[in-house]
file target.pdb (PDB, C-alpha atoms)
ATOM      1  CA  MET A  18     -18.950   5.881 -18.842
ATOM      2  CA  THR A  19     -16.270   5.908 -16.224
ATOM      3  CA  VAL A  20     -14.597   3.905 -13.466
ATOM      4  CA  ILE A  21     -14.664   5.681 -10.127
ATOM      5  CA  ALA A  22     -13.048   4.762  -6.806
ATOM      6  CA  ILE A  23     -14.582   6.528  -3.816
ATOM      7  CA  GLY A  24     -13.402   5.860  -0.312
ATOM      8  CA  LEU A  25     -11.456   6.668   2.756
ATOM      9  CA  ASN A  26      -8.484   5.000   4.364
ATOM     10  CA  HIS A  27      -5.826   5.353   7.040
ATOM     11  CA  HIS A  28      -4.243   8.232   5.088
ATOM     12  CA  SER A  29      -7.420  10.274   4.686
ATOM     13  CA  ALA A  30      -9.448   9.640   7.846
ATOM     14  CA  PRO A  31      -8.921   9.244  11.580
ATOM     15  CA  LEU A  32      -9.428   5.791  13.065
ATOM     16  CA  ARG A  33     -12.742   6.781  14.723
ATOM     17  CA  VAL A  34     -14.213   7.635  11.307
ATOM     18  CA  LEU A  35     -12.779   4.519   9.659
ATOM     19  CA  GLU A  36     -14.308   2.345  12.365
ATOM     20  CA  GLN A  37     -17.739   3.887  11.794
ATOM     21  CA  LEU A  38     -17.596   3.137   8.069
ATOM     22  CA  THR A  39     -16.194  -0.403   8.265
ATOM     23  CA  LEU A  40     -18.983  -2.735   7.221
ATOM     24  CA  PRO A  41     -19.503  -6.196   8.683
ATOM     25  CA  ALA A  42     -19.373  -8.924   6.020
ATOM     26  CA  ASP A  43     -23.093  -9.611   6.549
ATOM     27  CA  ASP A  44     -23.959  -6.060   5.407
ATOM     28  CA  VAL A  45     -21.982  -6.079   2.149
ATOM     29  CA  ALA A  46     -24.739  -7.598  -0.019
ATOM     30  CA  LYS A  47     -27.233  -4.969   1.122
ATOM     31  CA  ALA A  48     -24.656  -2.218   0.571
ATOM     32  CA  LEU A  49     -23.880  -3.420  -2.958
ATOM     33  CA  ALA A  50     -27.601  -3.537  -3.755
ATOM     34  CA  GLU A  51     -27.995   0.014  -2.421
ATOM     35  CA  ILE A  52     -25.120   1.258  -4.581
ATOM     36  CA  VAL A  53     -26.253  -0.344  -7.842
ATOM     37  CA  ALA A  54     -29.804   0.867  -7.210
ATOM     38  CA  SER A  55     -28.504   4.230  -8.401
ATOM     39  CA  PRO A  56     -29.679   4.877 -11.965
ATOM     40  CA  VAL A  57     -26.153   5.955 -12.956
ATOM     41  CA  VAL A  58     -24.194   3.057 -11.385
ATOM     42  CA  ASN A  59     -23.866  -0.042 -13.579
ATOM     43  CA  GLU A  60     -21.427  -2.093 -11.497
ATOM     44  CA  ALA A  61     -19.945  -1.922  -7.994
ATOM     45  CA  VAL A  62     -17.347  -3.617  -5.811
ATOM     46  CA  LEU A  63     -17.116  -2.715  -2.122
ATOM     47  CA  LEU A  64     -13.841  -3.180  -0.227
ATOM     48  CA  SER A  65     -14.257  -2.733   3.519
ATOM     49  CA  THR A  66     -11.361  -3.502   5.866
ATOM     50  CA  CYS A  67     -10.193  -2.107   9.193
ATOM     51  CA  ASN A  68      -8.027   0.444   7.344
ATOM     52  CA  ARG A  69     -10.230   1.364   4.379
ATOM     53  CA  THR A  70     -13.696   1.448   2.903
ATOM     54  CA  GLU A  71     -13.687   1.887  -0.861
ATOM     55  CA  VAL A  72     -16.335   1.564  -3.518
ATOM     56  CA  TYR A  73     -15.297   0.952  -7.115
ATOM     57  CA  VAL A  74     -18.044   1.668  -9.606
ATOM     58  CA  HIS A  75     -18.653   1.680 -13.320
ATOM     59  CA  ALA A  76     -20.916   4.682 -13.761
ATOM     60  CA  GLU A  77     -22.684   6.716 -16.406
ATOM     61  CA  ARG A  78     -22.005  10.112 -14.850
ATOM     62  CA  PHE A  79     -19.258  11.065 -12.408
ATOM     63  CA  HIS A  80     -20.980  13.651 -10.190
ATOM     64  CA  ASP A  81     -24.239  11.744  -9.876
ATOM     65  CA  ALA A  82     -22.363   8.522  -9.070
ATOM     66  CA  TYR A  83     -20.257  10.292  -6.450
ATOM     67  CA  ARG A  84     -23.392  11.705  -4.826
ATOM     68  CA  ASP A  85     -25.204   8.357  -4.879
ATOM     69  CA  VAL A  86     -22.247   6.377  -3.499
ATOM     70  CA  ARG A  87     -21.679   8.989  -0.772
ATOM     71  CA  GLU A  88     -25.344   8.727   0.206
ATOM     72  CA  ALA A  89     -25.217   4.912   0.132
ATOM     73  CA  LEU A  90     -22.194   5.001   2.467
ATOM     74  CA  SER A  91     -24.151   7.296   4.762
ATOM     75  CA  VAL A  92     -27.127   4.920   4.829
ATOM     76  CA  MET A  93     -24.923   1.831   5.296
ATOM     77  CA  ALA A  94     -23.030   3.353   8.222
ATOM     78  CA  GLY A  95     -26.071   5.038   9.733
ATOM     79  CA  LEU A  96     -24.171   8.325   9.730
ATOM     80  CA  ASP A  97     -24.793  11.764   8.375
ATOM     81  CA  SER A  98     -22.383  12.178   5.471
ATOM     82  CA  SER A  99     -20.962  15.314   7.126
ATOM     83  CA  VAL A 100     -19.107  12.969   9.515
ATOM     84  CA  PHE A 101     -16.964  11.516   6.715
ATOM     85  CA  VAL A 102     -17.338  13.576   3.530
ATOM     86  CA  ASP A 103     -14.220  15.667   4.221
ATOM     87  CA  HIS A 104     -12.193  12.433   4.452
ATOM     88  CA  LEU A 105     -13.352  10.931   1.156
ATOM     89  CA  TYR A 106     -11.043  10.655  -1.811
ATOM     90  CA  VAL A 107     -12.157  10.102  -5.364
ATOM     91  CA  HIS A 108     -10.215   8.678  -8.286
ATOM     92  CA  PHE A 109     -11.643   8.244 -11.751
ATOM     93  CA  ASP A 110     -10.778   6.417 -14.952
ATOM     94  CA  SER A 111      -7.087   5.487 -15.132
ATOM     95  CA  ASP A 112      -6.393   6.998 -11.681
ATOM     96  CA  ALA A 113      -9.066   4.725 -10.173
ATOM     97  CA  VAL A 114      -7.488   1.693 -11.837
ATOM     98  CA  ASP A 115      -3.996   2.787 -10.732
ATOM     99  CA  HIS A 116      -5.295   3.147  -7.179
ATOM    100  CA  LEU A 117      -6.775  -0.362  -7.211
ATOM    101  CA  PHE A 118      -3.476  -1.775  -8.493
ATOM    102  CA  ALA A 119      -1.561   0.044  -5.728
ATOM    103  CA  VAL A 120      -3.993  -1.275  -3.107
ATOM    104  CA  SER A 121      -3.708  -4.851  -4.457
ATOM    105  CA  ALA A 122       0.076  -4.654  -4.437
ATOM    106  CA  GLY A 123       0.167  -3.491  -0.817
ATOM    107  CA  LEU A 124       1.570  -0.097  -1.786
ATOM    108  CA  ASP A 125      -1.321   1.813  -0.193
ATOM    109  CA  SER A 126      -1.379  -0.102   3.083
ATOM    110  CA  ALA A 127      -0.611   1.174   6.576
ATOM    111  CA  VAL A 128       2.391  -1.169   6.463
ATOM    112  CA  LEU A 129       4.038  -1.249   3.035
ATOM    113  CA  GLY A 130       3.585  -4.673   1.461
ATOM    114  CA  GLU A 131       0.915  -5.821   3.901
ATOM    115  CA  HIS A 132      -0.096  -9.266   2.667
ATOM    116  CA  GLU A 133      -3.740  -9.464   3.784
ATOM    117  CA  ILE A 134      -4.981  -6.792   1.397
ATOM    118  CA  LEU A 135      -4.646  -8.936  -1.725
ATOM    119  CA  GLY A 136      -6.990 -11.534  -0.225
ATOM    120  CA  GLN A 137      -9.354  -8.780   0.881
ATOM    121  CA  VAL A 138      -9.461  -7.321  -2.635
ATOM    122  CA  ARG A 139     -10.131 -10.789  -4.056
ATOM    123  CA  GLY A 140     -12.834 -11.377  -1.445
ATOM    124  CA  ALA A 141     -14.537  -8.065  -2.248
ATOM    125  CA  TRP A 142     -14.519  -8.870  -5.960
ATOM    126  CA  ASP A 143     -15.769 -12.424  -5.345
ATOM    127  CA  ARG A 144     -18.630 -11.057  -3.248
ATOM    128  CA  ALA A 145     -19.570  -8.535  -5.946
ATOM    129  CA  ARG A 146     -19.631 -11.307  -8.563
ATOM    130  CA  VAL A 147     -21.832 -13.483  -6.341
ATOM    131  CA  GLU A 148     -24.185 -10.536  -5.822
ATOM    132  CA  GLY A 149     -24.168  -9.766  -9.551
ATOM    133  CA  THR A 150     -22.810  -6.247  -9.135
ATOM    134  CA  SER A 151     -19.494  -6.714 -10.956
ATOM    135  CA  GLY A 152     -19.567  -7.333 -14.674
ATOM    136  CA  ALA A 153     -18.016  -6.694 -18.054
ATOM    137  CA  LEU A 154     -16.012  -3.632 -17.043
ATOM    138  CA  LEU A 155     -15.001  -4.211 -13.417
ATOM    139  CA  ASN A 156     -14.319  -7.964 -13.706
ATOM    140  CA  PRO A 157     -11.262  -7.626 -15.969
ATOM    141  CA  VAL A 158      -9.996  -4.637 -13.973
ATOM    142  CA  PHE A 159     -10.100  -6.621 -10.731
ATOM    143  CA  GLU A 160      -8.706  -9.740 -12.387
ATOM    144  CA  HIS A 161      -5.688  -7.795 -13.647
ATOM    145  CA  ALA A 162      -5.240  -5.989 -10.317
ATOM    146  CA  ILE A 163      -5.130  -9.303  -8.451
ATOM    147  CA  THR A 164      -2.711 -10.793 -10.979
ATOM    148  CA  ALA A 165      -0.482  -7.724 -10.641
ATOM    149  CA  GLY A 166      -0.687  -7.898  -6.843
ATOM    150  CA  LYS A 167       0.438 -11.535  -6.924
ATOM    151  CA  ARG A 168       3.332 -10.673  -9.233
ATOM    152  CA  VAL A 169       4.436  -7.862  -6.932
ATOM    153  CA  ARG A 170       4.473 -10.285  -3.994
ATOM    154  CA  THR A 171       6.410 -12.998  -5.834
ATOM    155  CA  GLU A 172       8.753 -10.954  -8.034
ATOM    156  CA  THR A 173       9.780  -8.147  -5.678
ATOM    157  CA  ALA A 174      11.069  -7.899  -2.119
ATOM    158  CA  ILE A 175       7.966  -6.072  -0.893
ATOM    159  CA  GLY A 176       6.583  -9.189   0.801
ATOM    160  CA  ARG A 177       9.767 -10.000   2.694
ATOM    161  CA  ARG A 178       9.341  -7.273   5.251
ATOM    162  CA  THR A 179       6.836  -6.739   8.020
ATOM    163  CA  ALA A 180       3.451  -7.849   6.756
ATOM    164  CA  SER A 181       0.908  -6.204   9.069
ATOM    165  CA  ILE A 182       0.511  -3.591  11.783
ATOM    166  CA  SER A 183       0.250  -6.356  14.410
ATOM    167  CA  HIS A 184       3.421  -7.976  13.131
ATOM    168  CA  ALA A 185       5.187  -4.599  13.117
ATOM    169  CA  ALA A 186       4.110  -3.969  16.732
ATOM    170  CA  VAL A 187       5.319  -7.390  17.890
ATOM    171  CA  SER A 188       8.624  -6.915  16.042
ATOM    172  CA  LEU A 189       9.131  -3.480  17.615
ATOM    173  CA  VAL A 190       8.363  -4.748  21.111
ATOM    174  CA  SER A 191      10.702  -7.719  20.597
ATOM    175  CA  GLU A 192      13.490  -5.391  19.457
ATOM    176  CA  ARG A 193      13.032  -3.095  22.452
ATOM    177  CA  LEU A 194      12.984  -5.959  24.946
TER     178      LEU A 194
END
call {"tool": "encode", "arguments": {"input": "target.pdb", "output": "structure tokens"}}
result
Amino acid sequence: MTVIAIGLNHHSAPLRVLEQLTLPADDVAKALAEIVASPVVNEAVLLSTCNRTEVYVHAERFHDAYRDVREALSVMAGLDSSVFVDHLYVHFDSDAVDHLFAVSAGLDSAVLGEHEILGQVRGAWDRARVEGTSGALLNPVFEHAITAGKRVRTETAIGRRTASISHAAVSLVSERL
């Protein structure tokens, strides 16, 4: 059994593709149900923001889980997977956990230290727990990732800088004017 993170973000995909794969909050429950309907996926958490769509799964088999999650993303977005498959990244086992920790800490954001992502990760995990798709393996992983993200924000200087793309744009305009 393995932990897999499958997704795309501002590093891997152009904005037009990201926009097509960003799910409205009302569609997350259906998407989670679609993902865990796979016979090889035991648990799933779906993180969908304006800069990323990522699915974290606890799966029986890597290749089958990748295929099933890719197809679920295709169904959810109403897109042929050829539109986004070249932009997908995949992390498994400790690399998937490391990636989640980096995301929670704001290290993988468009603006380093962006503060909204920690709440978005918590919200995605909360939704998965409500839907019953996060359990014995993913719950402690997400709990520790959120705790680590909080520690990064309080014990380092990462949160003292620009916190979002909008804030960065306003700051830049203010400087120039």
call {"tool": "atom_distance", "arguments": {"input": "target.pdb", "atom1": "CA of Val20 in chain A", "atom2": "CA of Lys47 in chain A"}}
result
21.2 Å
call {"tool": "resolve_selection", "arguments": {"input": "target.pdb", "expression": "the PyMOL selection byres ((chain A and resi 138) around 10)", "output": "PDB file with C-alpha atoms, keeping the file's coordinate frame"}}
result
ATOM      1  CA  VAL A  62     -17.347  -3.617  -5.811  1.00  0.00           C
ATOM      2  CA  LEU A  63     -17.116  -2.715  -2.122  1.00  0.00           C
ATOM      3  CA  LEU A  64     -13.841  -3.180  -0.227  1.00  0.00           C
ATOM      4  CA  SER A  65     -14.257  -2.733   3.519  1.00  0.00           C
ATOM      5  CA  THR A  66     -11.361  -3.502   5.866  1.00  0.00           C
ATOM      6  CA  LEU A 117      -6.775  -0.362  -7.211  1.00  0.00           C
ATOM      7  CA  VAL A 120      -3.993  -1.275  -3.107  1.00  0.00           C
ATOM      8  CA  SER A 121      -3.708  -4.851  -4.457  1.00  0.00           C
ATOM      9  CA  GLU A 133      -3.740  -9.464   3.784  1.00  0.00           C
ATOM     10  CA  ILE A 134      -4.981  -6.792   1.397  1.00  0.00           C
ATOM     11  CA  LEU A 135      -4.646  -8.936  -1.725  1.00  0.00           C
ATOM     12  CA  GLY A 136      -6.990 -11.534  -0.225  1.00  0.00           C
ATOM     13  CA  GLN A 137      -9.354  -8.780   0.881  1.00  0.00           C
ATOM     14  CA  ARG A 139     -10.131 -10.789  -4.056  1.00  0.00           C
ATOM     15  CA  GLY A 140     -12.834 -11.377  -1.445  1.00  0.00           C
ATOM     16  CA  ALA A 141     -14.537  -8.065  -2.248  1.00  0.00           C
ATOM     17  CA  TRP A 142     -14.519  -8.870  -5.960  1.00  0.00           C
ATOM     18  CA  ASP A 143     -15.769 -12.424  -5.345  1.00  0.00           C
ATOM     19  CA  ARG A 144     -18.630 -11.057  -3.248  1.00  0.00           C
ATOM     20  CA  PHE A 159     -10.100  -6.621 -10.731  1.00  0.00           C
ATOM     21  CA  ALA A 162      -5.240  -5.989 -10.317  1.00  0.00           C
ATOM     22  CA  ILE A 163      -5.130  -9.303  -8.451  1.00  0.00           C
ATOM     23  CA  GLY A 166      -0.687  -7.898  -6.843  1.00  0.00           C
TER      24      GLY A 166
END
call {"tool": "resolve_selection", "arguments": {"input": "target.pdb", "expression": "the PyMOL selection byres ((chain A and resi 31) around 12)", "output": "PyMOL selection string"}}
result
chain A and resi 25-30+32-38+67-69+100-101+103-105
call {"tool": "write_last_selection", "arguments": {"input": "target.pdb", "atoms": "C-alpha atoms", "output": "short mmCIF file (atom, residue, chain, number, x, y, z; two decimals), keeping the file's coordinate frame"}}
result
data_model
loop_
_atom_site.label_atom_id
_atom_site.label_comp_id
_atom_site.auth_asym_id
_atom_site.auth_seq_id
_atom_site.Cartn_x
_atom_site.Cartn_y
_atom_site.Cartn_z
CA LEU A 25 -11.46 6.67 2.76
CA ASN A 26 -8.48 5.00 4.36
CA HIS A 27 -5.83 5.35 7.04
CA HIS A 28 -4.24 8.23 5.09
CA SER A 29 -7.42 10.27 4.69
CA ALA A 30 -9.45 9.64 7.85
CA LEU A 32 -9.43 5.79 13.06
CA ARG A 33 -12.74 6.78 14.72
CA VAL A 34 -14.21 7.64 11.31
CA LEU A 35 -12.78 4.52 9.66
CA GLU A 36 -14.31 2.35 12.36
CA GLN A 37 -17.74 3.89 11.79
CA LEU A 38 -17.60 3.14 8.07
CA CYS A 67 -10.19 -2.11 9.19
CA ASN A 68 -8.03 0.44 7.34
CA ARG A 69 -10.23 1.36 4.38
CA VAL A 100 -19.11 12.97 9.52
CA PHE A 101 -16.96 11.52 6.72
CA ASP A 103 -14.22 15.67 4.22
CA HIS A 104 -12.19 12.43 4.45
CA LEU A 105 -13.35 10.93 1.16
#
call {"tool": "residues_around", "arguments": {"input": "target.pdb", "residues": "Leu154 in chain A", "least_positions_apart": "2", "cutoff": "9 Å", "atoms": "all atoms listed in the file", "output": "tab-separated table (two decimals) with C-alpha atoms, keeping the file's coordinate frame"}}
result
chain	number	residue	atom	x	y	z
A	20	VAL	CA	-14.60	3.90	-13.47
A	60	GLU	CA	-21.43	-2.09	-11.50
A	75	HIS	CA	-18.65	1.68	-13.32
A	151	SER	CA	-19.49	-6.71	-10.96
A	152	GLY	CA	-19.57	-7.33	-14.67
A	156	ASN	CA	-14.32	-7.96	-13.71
A	157	PRO	CA	-11.26	-7.63	-15.97
A	158	VAL	CA	-10.00	-4.64	-13.97
call {"tool": "axis_aligned_box", "arguments": {"input": "target.pdb", "around": "range 131-147 of chain A", "padding_each_side": "3 Å", "output": "lines of an AutoDock Vina configuration file"}}
result
center_x = -10.5
center_y = -9.7
center_z = -2.3
size_x = 28.7
size_y = 13.7
size_z = 18.5
call {"tool": "residues_around", "arguments": {"input": "target.pdb", "residues": "Phe79 in chain A", "least_positions_apart": "3", "cutoff": "12 Å", "atoms": "only C-alpha atoms", "output": "list in words"}}
result
Met18, Thr19, Val20, Ile21, Ala22, Ile23, Val57, Val58, Val74, His75, Ala76, Ala82, Tyr83, Arg84, Asp85, Val86, Val107, His108, Phe109 and Asp110 of chain A
call {"tool": "write_last_selection", "arguments": {"input": "target.pdb", "atoms": "C-alpha atoms", "output": "CSV table (one decimal), in the coordinates of the input"}}
result
chain,number,residue,atom,x,y,z
A,18,MET,CA,-19.0,5.9,-18.8
A,19,THR,CA,-16.3,5.9,-16.2
A,20,VAL,CA,-14.6,3.9,-13.5
A,21,ILE,CA,-14.7,5.7,-10.1
A,22,ALA,CA,-13.0,4.8,-6.8
A,23,ILE,CA,-14.6,6.5,-3.8
A,57,VAL,CA,-26.2,6.0,-13.0
A,58,VAL,CA,-24.2,3.1,-11.4
A,74,VAL,CA,-18.0,1.7,-9.6
A,75,HIS,CA,-18.7,1.7,-13.3
A,76,ALA,CA,-20.9,4.7,-13.8
A,82,ALA,CA,-22.4,8.5,-9.1
A,83,TYR,CA,-20.3,10.3,-6.4
A,84,ARG,CA,-23.4,11.7,-4.8
A,85,ASP,CA,-25.2,8.4,-4.9
A,86,VAL,CA,-22.2,6.4,-3.5
A,107,VAL,CA,-12.2,10.1,-5.4
A,108,HIS,CA,-10.2,8.7,-8.3
A,109,PHE,CA,-11.6,8.2,-11.8
A,110,ASP,CA,-10.8,6.4,-15.0
call {"tool": "atom_distance", "arguments": {"input": "target.pdb", "atom1": "CA of Thr171 in chain A", "atom2": "CA of Ala122 in chain A"}}
result
10.6 Å
call {"tool": "closest_residue", "arguments": {"input": "target.pdb", "among": "A:Ser126, A:Thr150, A:Thr164, A:Thr39", "to": "Thr70 in chain A", "atoms": "all atoms listed in the file"}}
result
A:Thr39
call {"tool": "closest_residue", "arguments": {"input": "target.pdb", "among": "A:Asp44, A:Glu148, A:Glu77, A:Glu172", "to": "Met93 in chain A", "atoms": "only C-alpha atoms"}}
result
A:Asp44
call {"tool": "residues_around", "arguments": {"input": "target.pdb", "residues": "Ser98 in chain A", "least_positions_apart": "5", "cutoff": "8 Å", "atoms": "all atoms listed in the file", "output": "ChimeraX atom specification"}}
result
/A:87-88,90-91
call {"tool": "write_last_selection", "arguments": {"input": "target.pdb", "atoms": "C-alpha atoms", "output": "mmCIF file, in the coordinates of the input"}}
result
data_model
loop_
_atom_site.group_PDB
_atom_site.id
_atom_site.type_symbol
_atom_site.label_atom_id
_atom_site.label_comp_id
_atom_site.auth_asym_id
_atom_site.auth_seq_id
_atom_site.Cartn_x
_atom_site.Cartn_y
_atom_site.Cartn_z
ATOM 1 C CA ARG A 87 -21.679 8.989 -0.772
ATOM 2 C CA GLU A 88 -25.344 8.727 0.206
ATOM 3 C CA LEU A 90 -22.194 5.001 2.467
ATOM 4 C CA SER A 91 -24.151 7.296 4.762
#
call {"tool": "closest_residue", "arguments": {"input": "target.pdb", "among": "A:Ala89, A:Ala61, A:Leu124, A:Ala48", "to": "Val169 in chain A", "atoms": "all atoms listed in the file"}}
result
A:Leu124
call {"tool": "atom_distance", "arguments": {"input": "target.pdb", "atom1": "CA of Val102 in chain A", "atom2": "CA of Phe118 in chain A"}}
result
23.9 Å
call {"tool": "closest_residue", "arguments": {"input": "target.pdb", "among": "A:Ala145, A:Ile175, A:His132, A:Ala113", "to": "Gly24 in chain A", "atoms": "all atoms listed in the file"}}
result
A:Ala113
